[in-house]
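For reference, model_16.cif (mmCIF, C-alpha atoms):
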data_data
loop_
_atom_site.label_atom_id
_atom_site.label_comp_id
_atom_site.auth_asym_id
_atom_site.auth_seq_id
_atom_site.Cartn_x
_atom_site.Cartn_y
_atom_site.Cartn_z
CA MET A 56 8.03 -16.04 7.17
CA SER A 57 10.50 -16.64 4.38
CA ASN A 58 13.65 -16.29 6.46
CA ASN A 59 13.36 -19.46 8.49
CA ALA A 60 16.82 -19.22 10.01
CA LYS A 61 17.19 -22.45 11.98
CA PRO A 62 18.60 -21.14 15.27
CA ALA A 63 16.02 -18.36 15.61
CA THR A 64 12.91 -20.50 14.98
CA PRO A 65 11.77 -22.81 17.74
CA SER A 66 11.15 -26.39 16.62
CA ASN A 67 8.09 -26.89 18.81
CA PRO A 68 4.87 -26.53 16.80
CA PHE A 69 3.09 -24.64 19.59
CA ASP A 70 5.75 -21.93 19.61
CA ILE A 71 5.68 -21.75 15.80
CA PHE A 72 1.91 -21.33 15.89
CA VAL A 73 2.28 -18.47 18.36
CA ILE A 74 4.78 -16.71 16.08
CA GLY A 75 2.30 -16.92 13.21
CA ALA A 76 -0.64 -15.89 15.37
CA ARG A 77 1.34 -12.85 16.51
CA LYS A 78 1.87 -11.87 12.86
CA GLY A 79 -1.85 -12.36 12.33
CA PHE A 80 -2.66 -10.01 15.20
CA GLN A 81 -0.32 -7.37 13.75
CA ILE A 82 -2.02 -7.65 10.35
CA ALA A 83 -5.49 -7.52 11.89
CA ILE A 84 -4.71 -4.42 13.95
CA ASN A 85 -2.35 -2.53 11.61
CA ASN A 86 -3.76 -3.41 8.18
CA LEU A 87 -7.31 -4.64 8.47
CA MET A 88 -8.69 -2.36 11.15
CA PRO A 89 -7.67 1.05 9.72
CA ASN A 90 -8.62 -0.04 6.20
CA VAL A 91 -11.97 -1.54 7.11
CA LEU A 92 -12.84 1.51 9.20
CA MET A 93 -11.96 3.79 6.29
CA ALA A 94 -13.98 1.66 3.86
CA TYR A 95 -17.06 1.77 6.12
CA VAL A 96 -16.80 5.56 6.37
CA ILE A 97 -16.30 6.03 2.61
CA ALA A 98 -19.27 3.79 1.90
CA GLU A 99 -21.36 5.87 4.32
CA ILE A 100 -20.24 9.15 2.68
CA LEU A 101 -21.12 7.83 -0.79
CA ASN A 102 -24.42 6.66 0.60
CA LEU A 103 -25.32 9.98 2.28
CA VAL A 104 -24.31 12.05 -0.75
CA GLY A 105 -26.39 9.75 -2.92
CA ALA A 106 -23.42 8.79 -5.10
CA MET A 107 -23.87 5.10 -4.41
CA GLN A 108 -27.26 4.90 -6.16
CA PHE A 109 -25.82 6.95 -9.04
CA ILE A 110 -22.77 4.68 -9.42
CA GLY A 111 -25.08 1.70 -9.16
CA LYS A 112 -27.19 2.87 -12.10
CA ILE A 113 -24.28 3.92 -14.34
CA PHE A 114 -22.29 0.73 -13.95
CA ALA A 115 -25.19 -1.69 -13.87
CA PRO A 116 -24.86 -2.78 -17.54
CA MET A 117 -21.10 -3.28 -17.32
CA MET A 118 -21.15 -5.16 -14.02
CA GLY A 119 -24.13 -7.18 -15.26
CA ILE A 120 -21.71 -9.10 -17.51
CA PHE A 121 -20.18 -10.52 -14.35
CA GLY A 122 -23.51 -11.12 -12.64
CA LEU A 123 -22.96 -8.23 -10.22
CA PRO A 124 -24.99 -5.12 -9.34
CA GLY A 125 -23.54 -1.76 -10.49
CA GLU A 126 -22.44 -0.78 -6.99
CA ALA A 127 -19.88 -3.61 -7.07
CA VAL A 128 -17.66 -1.42 -9.24
CA THR A 129 -16.72 0.52 -6.08
CA VAL A 130 -15.20 -2.70 -4.70
CA LEU A 131 -13.07 -3.14 -7.83
CA LEU A 132 -11.94 0.49 -7.91
CA THR A 133 -10.87 0.47 -4.25
CA THR A 134 -9.19 -2.91 -4.42
CA TRP A 135 -6.92 -1.54 -7.12
CA LEU A 136 -5.53 0.84 -4.50
CA SER A 137 -5.56 -1.61 -1.59
CA SER A 138 -6.94 -5.14 -1.23
CA SER A 139 -7.79 -4.52 2.43
CA ALA A 140 -9.82 -1.44 1.53
CA GLY A 141 -11.52 -3.30 -1.33
CA THR A 142 -12.44 -6.15 0.98
CA GLY A 143 -13.70 -3.60 3.49
CA VAL A 144 -15.96 -2.00 0.89
CA ALA A 145 -17.28 -5.43 -0.13
CA VAL A 146 -18.08 -6.27 3.48
CA SER A 147 -19.79 -2.92 4.10
CA LEU A 148 -21.91 -3.40 0.97
CA ILE A 149 -22.90 -6.86 2.21
CA ALA A 150 -23.83 -5.33 5.57
CA LYS A 151 -26.04 -2.82 3.72
CA GLY A 152 -27.66 -5.63 1.75
CA VAL A 153 -26.42 -4.33 -1.63
CA LEU A 154 -24.26 -7.41 -2.21
CA ASN A 155 -24.92 -11.01 -1.16
CA GLY A 156 -22.87 -14.17 -0.73
CA THR A 157 -23.06 -15.04 -4.42
CA HIS A 158 -21.67 -11.63 -5.35
CA ALA A 159 -18.93 -11.97 -2.75
CA SER A 160 -17.90 -15.32 -4.26
CA ILE A 161 -17.71 -13.81 -7.74
CA LEU A 162 -15.67 -10.86 -6.48
CA ILE A 163 -13.18 -12.55 -4.17
CA PRO A 164 -10.63 -13.84 -6.73
CA ALA A 165 -10.77 -10.53 -8.61
CA LEU A 166 -10.12 -8.67 -5.34
CA PHE A 167 -6.66 -10.17 -5.15
CA LEU A 168 -5.83 -10.66 -8.84
CA MET A 169 -6.07 -6.90 -9.41
CA GLY A 170 -5.51 -6.02 -5.77
CA ALA A 171 -3.18 -3.33 -4.43
CA GLN A 172 -1.60 -2.78 -7.85
CA LEU A 173 -0.61 0.75 -6.93
CA GLN A 174 1.38 -0.37 -3.87
CA TYR A 175 2.89 -3.33 -5.65
CA MET A 176 4.25 -1.11 -8.41
CA GLY A 177 6.75 0.06 -5.82
CA ARG A 178 7.01 -3.04 -3.68
CA LEU A 179 7.26 -5.56 -6.50
CA LEU A 180 8.00 -4.03 -9.91
CA GLY A 181 10.23 -1.31 -8.46
CA VAL A 182 12.19 -3.69 -6.26
CA ALA A 183 12.60 -6.31 -9.01
CA ASP A 184 13.71 -3.55 -11.42
CA THR A 185 11.24 -4.57 -14.10
CA PRO A 186 11.64 -2.07 -16.99
CA LYS A 187 8.94 0.62 -16.67
CA LYS A 188 8.06 0.26 -20.32
CA TYR A 189 6.21 -3.00 -19.57
CA TRP A 190 4.37 -1.90 -16.43
CA PRO A 191 1.14 -0.97 -18.27
CA LEU A 192 1.19 -4.39 -19.98
CA LEU A 193 1.47 -6.15 -16.62
CA MET A 194 -1.35 -4.04 -15.25
CA LEU A 195 -3.53 -4.89 -18.24
CA ALA A 196 -2.76 -8.60 -17.74
CA SER A 197 -3.90 -8.33 -14.11
CA ILE A 198 -7.17 -6.64 -15.04
CA ILE A 199 -7.84 -9.25 -17.75
CA ASN A 200 -7.14 -11.93 -15.13
CA ALA A 201 -9.66 -10.33 -12.77
CA CYS A 202 -12.34 -10.21 -15.51
CA ILE A 203 -11.74 -13.86 -16.46
CA ALA A 204 -11.93 -14.79 -12.77
CA MET A 205 -15.33 -13.11 -12.32
CA ILE A 206 -16.74 -14.81 -15.43
CA VAL A 207 -15.43 -18.22 -14.36
CA MET A 208 -16.77 -17.78 -10.81
CA ARG A 209 -20.26 -17.29 -12.22
CA PHE A 210 -20.27 -20.98 -13.13
CA PHE A 211 -19.34 -22.06 -9.61
CA VAL A 212 -21.80 -19.99 -7.59
CA MET B 219 -4.25 15.20 3.55
CA ALA B 220 -5.24 18.82 3.81
CA GLU B 221 -4.53 18.68 7.51
CA GLU B 222 -0.99 17.45 6.98
CA LYS B 223 -0.27 20.30 4.61
CA ASN B 224 -1.63 22.70 7.18
CA THR B 225 0.72 21.64 9.97
CA GLN B 226 3.65 21.64 7.58
CA SER B 227 3.19 25.22 6.51
CA ALA B 228 2.46 26.20 10.10
CA SER B 229 5.86 24.92 11.16
CA GLU B 230 7.44 27.19 8.58
CA TRP B 231 5.30 30.12 9.83
CA LYS B 232 3.82 30.52 6.37
CA ALA B 233 0.10 29.98 5.83
CA GLY B 234 -1.02 30.11 2.19
CA PRO B 235 -4.66 30.31 1.11
CA GLY B 236 -4.87 26.49 1.20
CA ALA B 237 -4.08 26.54 4.91
CA TYR B 238 -7.05 28.79 5.68
CA VAL B 239 -9.34 26.64 3.55
CA ALA B 240 -8.15 23.58 5.45
CA LEU B 241 -8.75 25.30 8.78
CA ILE B 242 -12.27 26.36 7.78
CA VAL B 243 -13.08 22.88 6.50
CA ALA B 244 -11.73 21.39 9.73
CA ILE B 245 -13.84 23.73 11.88
CA VAL B 246 -16.98 23.04 9.85
CA PHE B 247 -16.28 19.29 9.86
CA PHE B 248 -15.99 19.07 13.64
CA SER B 249 -18.52 21.80 14.49
CA GLY B 250 -21.67 19.74 14.06
CA LEU B 251 -23.26 22.53 12.00
CA LEU B 252 -23.83 20.16 9.09
CA MET B 253 -25.32 17.38 11.19
CA LYS B 254 -28.97 18.26 10.69
CA VAL B 255 -29.57 20.75 7.90
CA ASP B 256 -33.24 20.67 6.95
CA GLY B 257 -33.85 19.46 3.43
CA MET B 258 -30.16 18.85 2.79
CA LYS B 259 -29.46 15.57 4.50
CA TRP B 260 -26.52 14.89 2.18
CA LEU B 261 -24.52 17.62 3.95
CA SER B 262 -24.22 15.29 6.92
CA ALA B 263 -21.70 13.33 4.84
CA PHE B 264 -19.24 16.06 5.88
CA ASP B 265 -20.01 15.94 9.58
CA PHE B 266 -17.72 14.27 12.10
CA THR B 267 -20.45 13.00 14.40
CA THR B 268 -22.49 11.51 11.56
CA LEU B 269 -19.48 9.70 10.10
CA GLY B 270 -18.65 8.34 13.53
CA GLY B 271 -21.77 6.24 13.03
CA THR B 272 -23.37 3.90 15.50
CA PHE B 273 -22.64 0.51 16.99
CA GLY B 274 -25.15 -2.19 16.19
CA THR B 275 -27.73 -3.03 18.82
CA MET B 276 -28.92 -6.35 20.25
CA LYS B 277 -32.09 -6.59 18.20
CA GLU B 278 -32.19 -10.35 18.56
CA PRO B 279 -29.91 -11.28 21.46
CA ALA B 280 -30.08 -14.95 20.54
CA LYS B 281 -28.65 -14.27 17.07
CA ASN B 282 -26.54 -11.09 17.33
CA ASN B 283 -22.90 -11.28 18.38
CA PHE B 284 -20.99 -8.37 19.95
CA MET B 285 -21.26 -6.37 16.71
CA GLY B 286 -25.02 -6.23 17.08
CA ALA B 287 -27.21 -5.45 14.08
CA GLY B 288 -27.74 -2.22 12.13
CA GLY B 289 -24.45 -0.53 13.01
CA ILE B 290 -23.10 2.04 10.55
CA SER B 291 -19.91 3.82 9.54
CA ALA B 292 -16.74 4.05 11.67
CA ARG B 293 -18.12 2.37 14.80
CA ALA B 294 -19.56 -0.57 12.87
CA GLY B 295 -16.35 -0.88 10.83
CA PHE B 296 -14.21 -0.95 13.96
CA LEU B 297 -16.17 -3.74 15.61
CA PHE B 298 -16.31 -5.72 12.39
CA ALA B 299 -12.52 -5.48 11.94
CA LEU B 300 -12.08 -6.57 15.55
CA SER B 301 -14.25 -9.61 14.90
CA LEU B 302 -11.82 -10.71 12.16
CA ALA B 303 -8.73 -10.79 14.37
CA PRO B 304 -9.25 -14.35 15.73
CA SER B 305 -9.55 -16.01 12.32
CA VAL B 306 -6.59 -14.07 10.91
CA MET B 307 -4.46 -15.14 13.90
CA LEU B 308 -5.58 -18.75 13.49
CA ALA B 309 -4.90 -18.77 9.73
CA LEU B 310 -1.42 -17.26 10.01
CA GLY B 311 -0.55 -19.49 12.97
CA PHE B 312 -1.26 -22.63 10.94
CA LEU B 313 0.37 -21.17 7.81
CA GLU B 314 3.53 -20.71 9.88
CA ILE B 315 3.44 -24.35 10.97
CA PHE B 316 2.87 -25.70 7.44
CA THR B 317 5.73 -23.54 6.17
CA HIS B 318 7.99 -24.77 8.95
CA TYR B 319 7.39 -28.39 7.97
CA GLY B 320 8.33 -27.72 4.35
CA ALA B 321 5.02 -27.24 2.52
CA ILE B 322 6.66 -24.50 0.44
CA LYS B 323 9.60 -26.72 -0.50
CA ALA B 324 7.26 -29.42 -1.78
CA ALA B 325 5.28 -26.85 -3.77
CA HIS B 326 8.54 -25.60 -5.27
CA LYS B 327 9.41 -29.14 -6.45
CA LEU B 328 6.01 -29.56 -8.09
CA LEU B 329 6.03 -26.15 -9.77
CA THR B 330 9.52 -26.24 -11.30
CA PRO B 331 8.86 -28.64 -14.22
CA LEU B 332 5.89 -26.50 -15.37
CA LEU B 333 7.88 -23.31 -15.83
CA LYS B 334 9.87 -24.01 -19.01
CA PRO B 335 6.98 -25.35 -21.13
CA LEU B 336 4.32 -22.89 -19.91
CA LEU B 337 6.23 -19.66 -19.40
CA GLY B 338 9.53 -20.26 -21.18
CA ILE B 339 11.53 -19.31 -18.11
CA PRO B 340 14.24 -21.50 -16.48
CA GLY B 341 13.31 -23.83 -13.60
CA LEU B 342 15.58 -21.99 -11.16
CA THR B 343 13.04 -19.14 -11.07
CA GLY B 344 10.62 -21.44 -9.22
CA LEU B 345 11.81 -20.41 -5.77
CA ALA B 346 11.21 -16.70 -6.43
CA LEU B 347 7.73 -17.44 -7.79
CA ILE B 348 6.74 -19.73 -4.93
CA THR B 349 8.06 -17.20 -2.42
CA ASP B 350 5.86 -14.54 -4.02
CA LEU B 351 2.77 -16.57 -3.10
CA GLN B 352 3.65 -15.93 0.51
CA SER B 353 5.52 -12.65 0.56
CA THR B 354 5.51 -10.11 -2.26
CA ASP B 355 8.57 -8.34 -0.95
CA ALA B 356 10.69 -11.47 -0.55
CA GLY B 357 9.67 -12.67 -4.03
CA ALA B 358 10.63 -9.33 -5.55
CA ALA B 359 14.03 -9.40 -3.84
CA LEU B 360 14.76 -12.94 -5.07
CA THR B 361 13.76 -11.96 -8.62
CA LYS B 362 16.13 -9.03 -8.61
CA GLU B 363 18.96 -11.25 -7.34
CA LEU B 364 18.43 -13.67 -10.23
CA TYR B 365 18.56 -10.85 -12.78
CA ASP B 366 21.58 -9.18 -11.19
CA ALA B 367 23.42 -12.51 -11.24
CA LYS B 368 22.56 -12.74 -14.99
CA GLN B 369 20.78 -16.05 -14.44
CA ILE B 370 17.69 -14.80 -16.26
CA THR B 371 17.26 -12.53 -19.30
CA LYS B 372 15.29 -9.31 -19.37
CA LYS B 373 12.39 -11.10 -21.05
CA ASP B 374 12.37 -13.74 -18.30
CA LEU B 375 12.28 -10.90 -15.79
CA VAL B 376 9.19 -9.36 -17.37
CA VAL B 377 7.37 -12.71 -17.58
CA MET B 378 8.27 -13.47 -13.96
CA SER B 379 7.04 -10.02 -12.91
CA ALA B 380 3.75 -10.65 -14.70
CA TRP B 381 3.25 -13.91 -12.83
CA GLN B 382 4.02 -12.23 -9.51
CA TYR B 383 2.19 -8.95 -10.05
CA SER B 384 -1.31 -10.31 -10.53
CA GLY B 385 -2.37 -11.67 -7.16
CA ALA B 386 0.92 -10.88 -5.42
CA GLY B 387 1.33 -12.47 -1.99
CA MET B 388 -1.74 -14.52 -2.89
CA ILE B 389 -1.82 -17.07 -0.09
CA SER B 390 -0.98 -14.64 2.73
CA ASN B 391 -3.38 -11.99 1.46
CA TYR B 392 -6.19 -14.46 0.89
CA PHE B 393 -6.02 -15.88 4.39
CA SER B 394 -5.30 -12.63 6.22
CA ILE B 395 -7.55 -10.17 4.34
CA GLY B 396 -9.90 -12.29 2.23
CA VAL B 397 -10.91 -14.15 5.41
CA ALA B 398 -13.31 -11.24 6.02
CA LEU B 399 -15.48 -12.59 3.20
CA PHE B 400 -15.17 -16.32 3.91
CA THR B 401 -18.36 -16.56 5.93
CA PHE B 402 -20.37 -15.10 3.03
CA LEU B 403 -18.95 -17.35 0.29
CA THR B 404 -21.31 -19.76 -1.44
CA VAL B 405 -18.42 -21.90 -2.75
CA PRO B 406 -15.69 -23.80 -0.86
CA VAL B 407 -12.86 -21.48 0.17
CA ILE B 408 -10.34 -23.41 -1.96
CA ILE B 409 -12.04 -22.74 -5.33
CA PRO B 410 -11.20 -19.01 -5.63
CA LEU B 411 -7.65 -19.78 -4.46
CA VAL B 412 -7.08 -22.46 -7.13
CA LEU B 413 -8.64 -20.22 -9.76
CA MET B 414 -6.30 -17.36 -8.84
CA PHE B 415 -3.30 -19.71 -9.04
CA VAL B 416 -4.29 -20.91 -12.52
CA LEU B 417 -4.93 -17.34 -13.69
CA LYS B 418 -1.48 -16.27 -12.57
CA PHE B 419 -0.21 -18.57 -15.33
CA VAL B 420 -2.80 -17.30 -17.82
CA GLY B 421 -1.71 -13.69 -17.22
CA ALA B 422 1.98 -14.55 -17.54
CA ILE B 423 1.36 -16.54 -20.75
CA PHE B 424 -0.57 -13.56 -22.16
CA VAL B 425 2.39 -11.28 -21.36
CA ARG B 426 4.80 -13.80 -22.88
CA ILE B 427 2.80 -13.84 -26.12
CA VAL B 428 2.70 -10.02 -26.27
CA LEU B 429 6.46 -9.84 -25.68
CA ASN B 430 7.04 -12.36 -28.47
CA THR B 431 4.92 -10.42 -30.94
CA VAL B 432 4.42 -6.70 -30.22
CA TYR B 433 7.74 -6.16 -28.45
CA LYS B 434 9.70 -8.71 -30.49
CA GLY B 435 12.41 -6.18 -31.42
CA ASP B 436 13.26 -5.41 -27.78
CA PHE B 437 14.68 -8.83 -27.11
CA GLN B 438 16.51 -9.63 -30.33
CA ASP B 439 19.97 -9.25 -28.83
CA GLU B 440 19.11 -11.83 -26.16
CA GLN B 441 19.31 -15.59 -26.81
#

If you took the structure in this file and wrote it as C-alpha cells, what would it be?
Amino acid sequence: MSNNAKPATPSNPFDIFVIGARKGFQIAINNLMPNVLMAYVIAEILNLVGAMQFIGKIFAPMMGIFGLPGEAVTVLLTTWLSSSAGTGVAVSLIAKGVLNGTHASILIPALFLMGAQLQYMGRLLGVADTPKKYWPLLMLASIINACIAMIVMRFFV
Amino acid sequence: MAEEKNTQSASEWKAGPGAYVALIVAIVFFSGLLMKVDGMKWLSAFDFTTLGGTFGTMKEPAKNNFMGAGGISARAGFLFALSLAPSVMLALGFLEIFTHYGAIKAAHKLLTPLLKPLLGIPGLTGLALITDLQSTDAGAALTKELYDAKQITKKDLVVMSAWQYSGAGMISNYFSIGVALFTFLTVPVIIPLVLMFVLKFVGAIFVRIVLNTVYKGDFQDEQ
C-alpha cells in the first residue's frame, strides 16, 4: 500500500479498487479465518471446562469499572497476543449472548490500542531498533491508553 | 505445538518421553473416547469431534443468513469468518483508492505542525507516523531510517515508537479486523477510530513526560 510506485499502479480507479479488494481477500482468508476459528474453539473449550463462568466471577469487579462483564477480560488477554484473535473472542462471546453491542463498542478501541503487542515487539520495536530498556514503558503506555479508551467509550454508548 | 515437537524428534529417530505423551494425547484427542463420558461433560473439551462443533441451522429462514443460528465452535467460526470477507474486501478496495488519490499526503500535511508542540519531535517524523497508521512494518522501517541518518535523537525515537506502538497499523487493522464488530456497535464507526487517534498522542505524551523525569539522565548528552 505504501509503495505506490507510479509505473506499477494502474491509474484507473476500478483497477485500484481490485488491487485493494485482493489484499482484503488475502487478509480475510489468511488472517481472519484461522484466528476466528481458533477463537471460537478456545471459547468453546473454556465454556465446556467451566472456566468461562469462573473467569467471569473473578474479574467481574475489575471489569465492572469499564462497564463490562467479567468474561470480557478474555477478550483483552487474547487481543494482547493478536488483535484478530481478540476480535474473534469478542464475536464468539456476542454469539453466546455474554456480550452485547454496548460492550462491543466499549471494547473496540481497546482491542487495537493494546492489540497484538507481542507481535509488534518484533515487527515494530525490533525493526525500529528502539532500545529494549524502554519497551516495558511503551507497553504500559498502551495498556493505560486502552483503559482510558474503555472509560471514555462508556460516555458514548 | 506438541505435535510439531513429535515430528521433529521422529525425523531424528529419537523419541523422548514427551513424544510418547504427545502420541497418547493425540490418540485420545481423535479417538472419540472423551466425547460422552457420563457425569464428566467437561472432558469433551478435549475431544476432536466436540470441538468441531456444529453449523447453525435455519431456525427462522426469513431472518437467518447462511450462518444459520445456534452454531458452535470451529464450524460456526469458519462460516462467521467467511461472512466477513466481503466487507473486508470492500473496505480495503476503497482504502486503496483514497490512498491513491493522496488522502495520506493531506493527512501528513495536517499532522506535521502538531508534532513539535505536542510530542517535542521534529516535523520530518510526520511521514513515518502517518505511514504507521496504514502499515506497521513500513512505519517501523521509515523510523529506523530517520534514526540511522541521525535526523532524530534517541529520545525522539522512543517517543515516536510510543506513538506507533499503541494501536499500530490502526486504520488498516480497524477496517480489516475490527469490521467483524461493526454491525454490533451502538456508536458510529468513526468515534472509536477518532478516540484511538487522540489516545495515540496521549500515550506518546505520557512516555515523553516519563523520559523527561524518570529517565532524565539517559538523554543528557543529547541536545

If you apply the PyMOL selection byres ((chain B and resi 415-417) around 9) to this file, what residues do you get, as a PyMOL selection string?
-> (chain A and resi 168+200-201+203-204) or (chain B and resi 381+384-385+388+410-414+418-422)

With the file shown as input, list the residues that the PyMOL selection byres ((chain A) within 7 of (chain B)) selects, as a ChimeraX atom specification.
-> /A:68,71-80,83,87-88,91-92,95-96,99-100,103-104,139,142,146,156-157,159-160,163-164,167-170,178-180,182-185,193,196-197,200,211-212

Could you check which of B:Met276, B:Trp231, B:Ala367, B:Arg426 is closest to Gly338 (chain B), using all atoms listed in the file?
-> B:Arg426

Interatomic distance (Å, one decimal) between CA of Thr275 (chain B) and CA of Lys254 (chain B) =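 Taking CA of Thr275 (chain B) as the start and CA of Lys254 (chain B) as the end point, the length is 22.8 Å.
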
Between CA of Gly122 (chain A) and CA of Met205 (chain A), measure the distance and give it in Å to one decimal.
->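 Computed distance, CA of Gly122 (chain A) to CA of Met205 (chain A), equals 8.4 Å.
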
Report the distance between CA of Asp70 (chain A) and CA of Gly320 (chain B) in Å, rounded to one decimal place.
->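 Computing the Euclidean distance for CA of Asp70 (chain A) and CA of Gly320 (chain B) yields 16.5 Å.
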
Pick the closest to Thr129 (chain A) from A:Ser66, A:Ser147, A:Asn155, A:Asn90: which is it, counting only C-alpha atoms?
->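 Among the listed residues, the smallest separation from Thr129 (chain A) belongs to A:Ser147.
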
Skipping near chain neighbours, those fewer than 6 positions away, what residues fall within 12 Å of Lys112 (chain A) using only C-alpha atoms, listed as a VMD selection string?
-> chain A and resid 105 to 106 118 to 119 124 to 128
